[in-house]
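Each remark here refers to the structure printed beneath this line.
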Amino acid sequence: MDRAVIVDAVRSPMGRGKAAGALAGVHPVDLLAHVLTQLVSRNDLDPATIDDVLVGCVGQAGEQSATPGRQAVLAAGFPVHVPSVTIERKCGSGQQAVDFAVQGILSGHYDITIAAGVESMSRVPMGSARMGAEPHGEGARSRFPDLVPQGISAELVAAKWKLTRGELDDYSARSHQRAAHARAAGDFDDEIVPIPAPGEHGPVPVSADETIREGTTAERLGRLDPAFDLNSYRERFPELPGVISAGNSSQITDGASALLIMSEQRARALGLRPRAAVVSSAVVGDDPTLMLTGPIPATHKVLARSGLASDDISTFEVNEAFAPVPLAWQREFGIEEARLNPVGGAIALGHPLGASGCRLMTTMIHHLSRTGGRYGLQTMCEAGGMANATIIESLTD
């Protein structure tokens, strides 16, 4: 069977998801369009040959409500016959876009695709799509009466794995330190494409991540107040430790990312050298109250499917939605620190919800290529107690 390969992977810089953020002046459609344009341009690909553009986006409201990938395809100047679809699996939306693109290629329905993700959290605030409504319904609520917001789930995960505030802050400071070191070494240069943002005297290119806080220490993070009021949950969950703060949580962020995925045969015919091949993928559901533990069974499932062991994996990307997520996962698998989120994660680089799956994959591909690693495993927790996991093999020397 012809393999599905990733020819290239790029991302925008990560901008703070607030009104003064570096990318806040860029419409999300234009943000994604700039990424698509540069992905196609740097691979000298005729966009008319693209079968579909699969785009992860969580906040499908306001400026992200009109099938944002389709609007971005048009804004990027692609031929009108190139379609797009929006995919929403919460934080795993971008990763699911990659999985669907791969499945389409392996089934023979696609030859060339782009899997992408976009989220402008400064312009479409988190939760906008709910419109103030209760999304669970009577059936789910009656079956799971203890459903809680993600921040409370993070507290429950910390309690279950006995993670202290100090451990969470140490991990979070290390995320910033690793990302700052990678940025200073130029490790992100090849994966980031500049985005023109409105300036006082015309467009200003944004080419570096705005979210990394160089010099952050665990001591400074430890001074931050807990992020959530736990009083209304104490009766049901007396074990809540009150250890989650803004400093050990992912950052609200603007960003976009895209991967060029095609059959290996087509890549060779076009003279394009693949960067990676997708080995295996898996998706699972898990406890919707703990919510953030899905990466653990997802990792077991994808390793079993691939026939690989954890020792075969050079790099693990476990999305840093909250610090307890990768730390609980690490406790379960016994993975040493050096292989876990080696250039930092969402605590430092931010978490533009629908784009994060593609952003992590992009960073992992470039890291494996740069360091000579062979296999990388990426997994992300998702609202509702779900998770994706994907293993790739680096094909570059």
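Ordering of the structure tokens sets the chain letters (A, B, ...); residue numbers start at 1 within each chain; ligands are numbered from 1 in the order shown.
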Excluding Thr371 of chain A and residues on its chain fewer than 3 positions from it, collect all residues at most 10 Å away from it, counting only C-alpha atoms, and give them as a ChimeraX atom specification.
/A:314,366-368,374,397
Print the selection's residues with N, CA, C and O atoms to a file, as a compact mmCIF listing (two decimals), in the first residue's frame.
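Here's the written file result.txt:
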# COMPACT_ATOMS: atom_id res chain seq x y z
N SER A 314 11.50 8.64 19.82
CA SER A 314 12.53 9.64 20.14
C SER A 314 11.95 10.85 20.85
O SER A 314 12.60 11.43 21.73
N HIS A 366 9.88 19.00 12.62
CA HIS A 366 11.12 19.76 12.47
C HIS A 366 12.14 19.36 13.54
O HIS A 366 13.35 19.31 13.26
N HIS A 367 11.67 19.07 14.76
CA HIS A 367 12.59 18.65 15.82
C HIS A 367 13.23 17.30 15.48
O HIS A 367 14.45 17.13 15.64
N LEU A 368 12.45 16.35 15.01
CA LEU A 368 13.01 15.05 14.64
C LEU A 368 14.03 15.20 13.52
O LEU A 368 15.10 14.57 13.55
N ARG A 374 14.00 9.23 14.97
CA ARG A 374 13.25 8.48 13.96
C ARG A 374 11.74 8.58 14.16
O ARG A 374 11.01 8.96 13.24
N ASP A 397 17.32 13.12 6.91
CA ASP A 397 18.57 12.79 7.60
C ASP A 397 18.97 13.91 8.56
O ASP A 397 18.67 15.06 8.33
Considering only C-alpha atoms, return as number ranges by chain whatever protein or nucleic-acid residues lie within 7 Å of segment 144-149 of chain A, sequence-local ones (same chain, fewer than 3 positions apart) excluded.
A: 140-141, 152-153, 288-289
Quick one: everything within 7 Å of Arg16 of chain A, counting only C-alpha atoms, minus sequence neighbours fewer than 3 positions away in the same chain. Send it as a PyMOL selection string.
chain A and resi 21-22+210-211+252-254
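Residues surrounding Leu230 of chain A within 12 Å are Val148, Pro149, Gly151, Ile152, Ser153, Ala154, Glu155, Leu156, Glu235, Arg236, Phe237, Pro238, Glu239, Leu240, Pro241, Gly242, Val243 and Ile244 of chain A [only C-alpha atoms; sequence separation below 5 positions excluded].
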Quick one, how far is atom CA of Gly344 of chain A from atom CA of Thr362 of chain A?
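Atom CA of Thr362 of chain A lies 13.3 Å from atom CA of Gly344 of chain A.
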Taking only C-alpha atoms into account, name the residue in A:Leu272, A:Leu259, A:Leu163, A:Leu353 that is nearest to Gln330 of chain A.
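Result for the nearest residue to Gln330 of chain A: A:Leu163.
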Using only C-alpha atoms, determine which residues lie at most 12 Å from Leu395 of chain A, disregarding the query and same-chain residues fewer than 2 positions distant; provide the list as a list in words.
Val5, Ile6, Val7, Asp8, Glu264, Arg273, Pro274, Arg275, Ala276, Ala277, Val278, Val279, Ile365, His366, Leu368, Ser369, Arg370, Gly372, Gly373, Arg374, Tyr375, Gly376, Ile392, Glu393 and Asp397 of chain A
Selected residues written out with N, CA and C atoms, as a PDB file, in the first residue's frame:
ATOM      1  N   VAL A   5       2.448  10.560   3.252  1.00  0.00           N
ATOM      2  CA  VAL A   5       3.647  11.244   3.735  1.00  0.00           C
ATOM      3  C   VAL A   5       3.361  12.736   3.911  1.00  0.00           C
ATOM      4  N   ILE A   6       4.112  13.315   4.832  1.00  0.00           N
ATOM      5  CA  ILE A   6       4.035  14.753   5.085  1.00  0.00           C
ATOM      6  C   ILE A   6       5.228  15.394   4.398  1.00  0.00           C
ATOM      7  N   VAL A   7       4.938  16.179   3.386  1.00  0.00           N
ATOM      8  CA  VAL A   7       5.991  16.806   2.587  1.00  0.00           C
ATOM      9  C   VAL A   7       6.556  18.036   3.285  1.00  0.00           C
ATOM     10  N   ASP A   8       5.691  18.787   3.933  1.00  0.00           N
ATOM     11  CA  ASP A   8       6.149  19.998   4.623  1.00  0.00           C
ATOM     12  C   ASP A   8       5.134  20.363   5.694  1.00  0.00           C
ATOM     13  N   GLU A 264       2.903   8.891  -1.118  1.00  0.00           N
ATOM     14  CA  GLU A 264       4.343   8.892  -1.367  1.00  0.00           C
ATOM     15  C   GLU A 264       4.639   8.825  -2.863  1.00  0.00           C
ATOM     16  N   ARG A 273      10.553  15.803  -1.638  1.00  0.00           N
ATOM     17  CA  ARG A 273      11.107  14.863  -0.669  1.00  0.00           C
ATOM     18  C   ARG A 273      10.279  14.896   0.613  1.00  0.00           C
ATOM     19  N   PRO A 274       9.639  13.801   0.981  1.00  0.00           N
ATOM     20  CA  PRO A 274       8.822  13.787   2.197  1.00  0.00           C
ATOM     21  C   PRO A 274       9.668  14.012   3.449  1.00  0.00           C
ATOM     22  N   ARG A 275       9.099  14.721   4.393  1.00  0.00           N
ATOM     23  CA  ARG A 275       9.756  14.938   5.685  1.00  0.00           C
ATOM     24  C   ARG A 275       9.417  13.843   6.671  1.00  0.00           C
ATOM     25  N   ALA A 276       8.213  13.272   6.568  1.00  0.00           N
ATOM     26  CA  ALA A 276       7.769  12.274   7.537  1.00  0.00           C
ATOM     27  C   ALA A 276       6.672  11.413   6.926  1.00  0.00           C
ATOM     28  N   ALA A 277       6.503  10.230   7.497  1.00  0.00           N
ATOM     29  CA  ALA A 277       5.388   9.354   7.145  1.00  0.00           C
ATOM     30  C   ALA A 277       4.564   9.098   8.392  1.00  0.00           C
ATOM     31  N   VAL A 278       3.268   8.976   8.207  1.00  0.00           N
ATOM     32  CA  VAL A 278       2.385   8.665   9.335  1.00  0.00           C
ATOM     33  C   VAL A 278       2.344   7.152   9.503  1.00  0.00           C
ATOM     34  N   VAL A 279       2.736   6.692  10.686  1.00  0.00           N
ATOM     35  CA  VAL A 279       2.833   5.263  10.969  1.00  0.00           C
ATOM     36  C   VAL A 279       1.502   4.714  11.459  1.00  0.00           C
ATOM     37  N   ILE A 365       7.860  17.402  13.782  1.00  0.00           N
ATOM     38  CA  ILE A 365       8.523  17.008  12.528  1.00  0.00           C
ATOM     39  C   ILE A 365       9.863  17.720  12.382  1.00  0.00           C
ATOM     40  N   HIS A 366       9.881  19.003  12.620  1.00  0.00           N
ATOM     41  CA  HIS A 366      11.121  19.762  12.473  1.00  0.00           C
ATOM     42  C   HIS A 366      12.137  19.362  13.538  1.00  0.00           C
ATOM     43  N   LEU A 368      12.451  16.346  15.007  1.00  0.00           N
ATOM     44  CA  LEU A 368      13.010  15.046  14.639  1.00  0.00           C
ATOM     45  C   LEU A 368      14.035  15.196  13.524  1.00  0.00           C
ATOM     46  N   SER A 369      13.710  16.008  12.540  1.00  0.00           N
ATOM     47  CA  SER A 369      14.634  16.232  11.431  1.00  0.00           C
ATOM     48  C   SER A 369      15.936  16.854  11.914  1.00  0.00           C
ATOM     49  N   ARG A 370      15.825  17.805  12.801  1.00  0.00           N
ATOM     50  CA  ARG A 370      16.990  18.538  13.299  1.00  0.00           C
ATOM     51  C   ARG A 370      17.883  17.670  14.187  1.00  0.00           C
ATOM     52  N   GLY A 372      17.809  14.168  14.353  1.00  0.00           N
ATOM     53  CA  GLY A 372      18.080  12.820  13.865  1.00  0.00           C
ATOM     54  C   GLY A 372      17.223  11.746  14.490  1.00  0.00           C
ATOM     55  N   GLY A 373      16.150  12.135  15.198  1.00  0.00           N
ATOM     56  CA  GLY A 373      15.242  11.140  15.774  1.00  0.00           C
ATOM     57  C   GLY A 373      14.423  10.458  14.691  1.00  0.00           C
ATOM     58  N   ARG A 374      13.996   9.234  14.975  1.00  0.00           N
ATOM     59  CA  ARG A 374      13.251   8.481  13.964  1.00  0.00           C
ATOM     60  C   ARG A 374      11.736   8.582  14.159  1.00  0.00           C
ATOM     61  N   TYR A 375      11.253   8.235  15.352  1.00  0.00           N
ATOM     62  CA  TYR A 375       9.813   8.215  15.585  1.00  0.00           C
ATOM     63  C   TYR A 375       9.401   9.299  16.575  1.00  0.00           C
ATOM     64  N   GLY A 376       8.231   9.882  16.330  1.00  0.00           N
ATOM     65  CA  GLY A 376       7.637  10.836  17.261  1.00  0.00           C
ATOM     66  C   GLY A 376       6.190  10.471  17.515  1.00  0.00           C
ATOM     67  N   ILE A 392       4.515   9.340  13.980  1.00  0.00           N
ATOM     68  CA  ILE A 392       5.133   9.609  12.674  1.00  0.00           C
ATOM     69  C   ILE A 392       6.556   9.089  12.657  1.00  0.00           C
ATOM     70  N   GLU A 393       7.045   8.840  11.465  1.00  0.00           N
ATOM     71  CA  GLU A 393       8.439   8.452  11.259  1.00  0.00           C
ATOM     72  C   GLU A 393       9.124   9.536  10.445  1.00  0.00           C
ATOM     73  N   ASP A 397      17.317  13.123   6.912  1.00  0.00           N
ATOM     74  CA  ASP A 397      18.574  12.785   7.602  1.00  0.00           C
ATOM     75  C   ASP A 397      18.970  13.905   8.561  1.00  0.00           C
TER      76      ASP A 397
END
Quick one: residues within 9 Å of Glu332 of chain A, only C-alpha atoms, excluding same-chain residues fewer than 4 positions away - as an MDAnalysis selection string?
chainID A and resid 296 327:328
Considering only C-alpha atoms, return as a PyMOL selection string whatever protein or nucleic-acid residues lie within 12 Å of Ala24 of chain A, sequence-local ones (same chain, fewer than 3 positions apart) excluded.
chain A and resi 14-21+27-28+30-31+119-125+195-199+206+210+252-255
Create the file for the chosen residues now, containing C-alpha atoms and written as an mmCIF file, in the first residue's frame.
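Output saved as again_37.cif:
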data_model
loop_
_atom_site.group_PDB
_atom_site.id
_atom_site.type_symbol
_atom_site.label_atom_id
_atom_site.label_comp_id
_atom_site.auth_asym_id
_atom_site.auth_seq_id
_atom_site.Cartn_x
_atom_site.Cartn_y
_atom_site.Cartn_z
ATOM 1 C CA MET A 14 2.049 32.319 18.190
ATOM 2 C CA GLY A 15 0.420 35.606 19.233
ATOM 3 C CA ARG A 16 -1.115 36.391 22.590
ATOM 4 C CA GLY A 17 -4.867 35.986 22.383
ATOM 5 C CA LYS A 18 -5.781 39.433 23.613
ATOM 6 C CA ALA A 19 -6.606 42.763 22.013
ATOM 7 C CA ALA A 20 -2.991 43.932 22.119
ATOM 8 C CA GLY A 21 -1.619 40.637 20.786
ATOM 9 C CA HIS A 27 -8.699 38.253 10.596
ATOM 10 C CA PRO A 28 -8.517 34.473 11.208
ATOM 11 C CA ASP A 30 -6.364 35.939 6.462
ATOM 12 C CA LEU A 31 -4.145 34.390 9.134
ATOM 13 C CA GLU A 119 -7.907 29.856 15.942
ATOM 14 C CA SER A 120 -7.978 33.561 16.667
ATOM 15 C CA MET A 121 -8.812 33.583 20.364
ATOM 16 C CA SER A 122 -8.424 37.354 20.572
ATOM 17 C CA ARG A 123 -11.168 37.884 17.968
ATOM 18 C CA VAL A 124 -13.366 34.849 18.698
ATOM 19 C CA PRO A 125 -13.140 34.323 22.464
ATOM 20 C CA ILE A 195 2.421 36.949 9.019
ATOM 21 C CA PRO A 196 1.801 40.579 7.963
ATOM 22 C CA ALA A 197 -0.081 42.363 10.738
ATOM 23 C CA PRO A 198 -1.564 45.865 10.529
ATOM 24 C CA GLY A 199 0.805 48.584 11.715
ATOM 25 C CA VAL A 206 5.321 39.071 12.698
ATOM 26 C CA GLU A 210 5.099 36.336 21.326
ATOM 27 C CA ILE A 252 -4.904 31.741 25.126
ATOM 28 C CA THR A 253 -3.380 32.301 21.715
ATOM 29 C CA ASP A 254 -3.854 33.287 18.073
ATOM 30 C CA GLY A 255 -2.256 30.998 15.501
#
Counting only C-alpha atoms, the residue among A:Thr363, A:Ser142, A:Ser249, A:Thr396 that lies closest to Arg183 of chain A is A:Thr363
Which distance in Å separates atom CA of Thr379 of chain A and atom CA of Pro194 of chain A, to one decimal?
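Spanning atom CA of Thr379 of chain A to atom CA of Pro194 of chain A is a straight-line distance of 26.8 Å.
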Å distance separating atom CA of Leu168 of chain A from atom CA of Glu320 of chain A, one decimal place
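Atom-to-atom, atom CA of Leu168 of chain A and atom CA of Glu320 of chain A are spaced 11.0 Å apart.
Of the residues listed (A:Gly307, A:Gly132, A:Gly77, A:Pro203), A:Pro203 shows the shortest atom-to-atom separation from Leu23 of chain A; distances use only C-alpha atoms.
Here the strand (DSSP E) residues in segment 203-341 of chain A, by DSSP on the backbone, are Val204, Pro205, Val206, Thr253, Asp254, Gly255, Ala256, Ser257, Ala258, Leu259, Leu260, Ile261, Met262, Ser263, Ala276, Ala277, Val278, Val279, Ser280, Ser281, Ala282, Val283, Val284, Gly285, Thr315, Phe316, Glu317 and Val318 of chain A.
Minimum distance to Gly94 of chain A across A:Ala258, A:Val82, A:Ala133, A:Ala33 (counting only C-alpha atoms) occurs at A:Ala258.
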Apply DSSP to the structure's backbone, then extract all residues of segment 278-309 of chain A labelled alpha helix (DSSP H) and return them as a PyMOL selection string.
chain A and resi 295-306
Would you please work out which residue, of A:Asp111, A:Asp169, A:Glu63, A:Asp209, is nearest to Phe322 of chain A when using only C-alpha atoms?
A:Asp169
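Between Phe188 of chain A and the candidates A:Val40, A:Val343, A:Gly357, A:Ala389, the tightest atom-to-atom separation, counting only C-alpha atoms, involves A:Val343.
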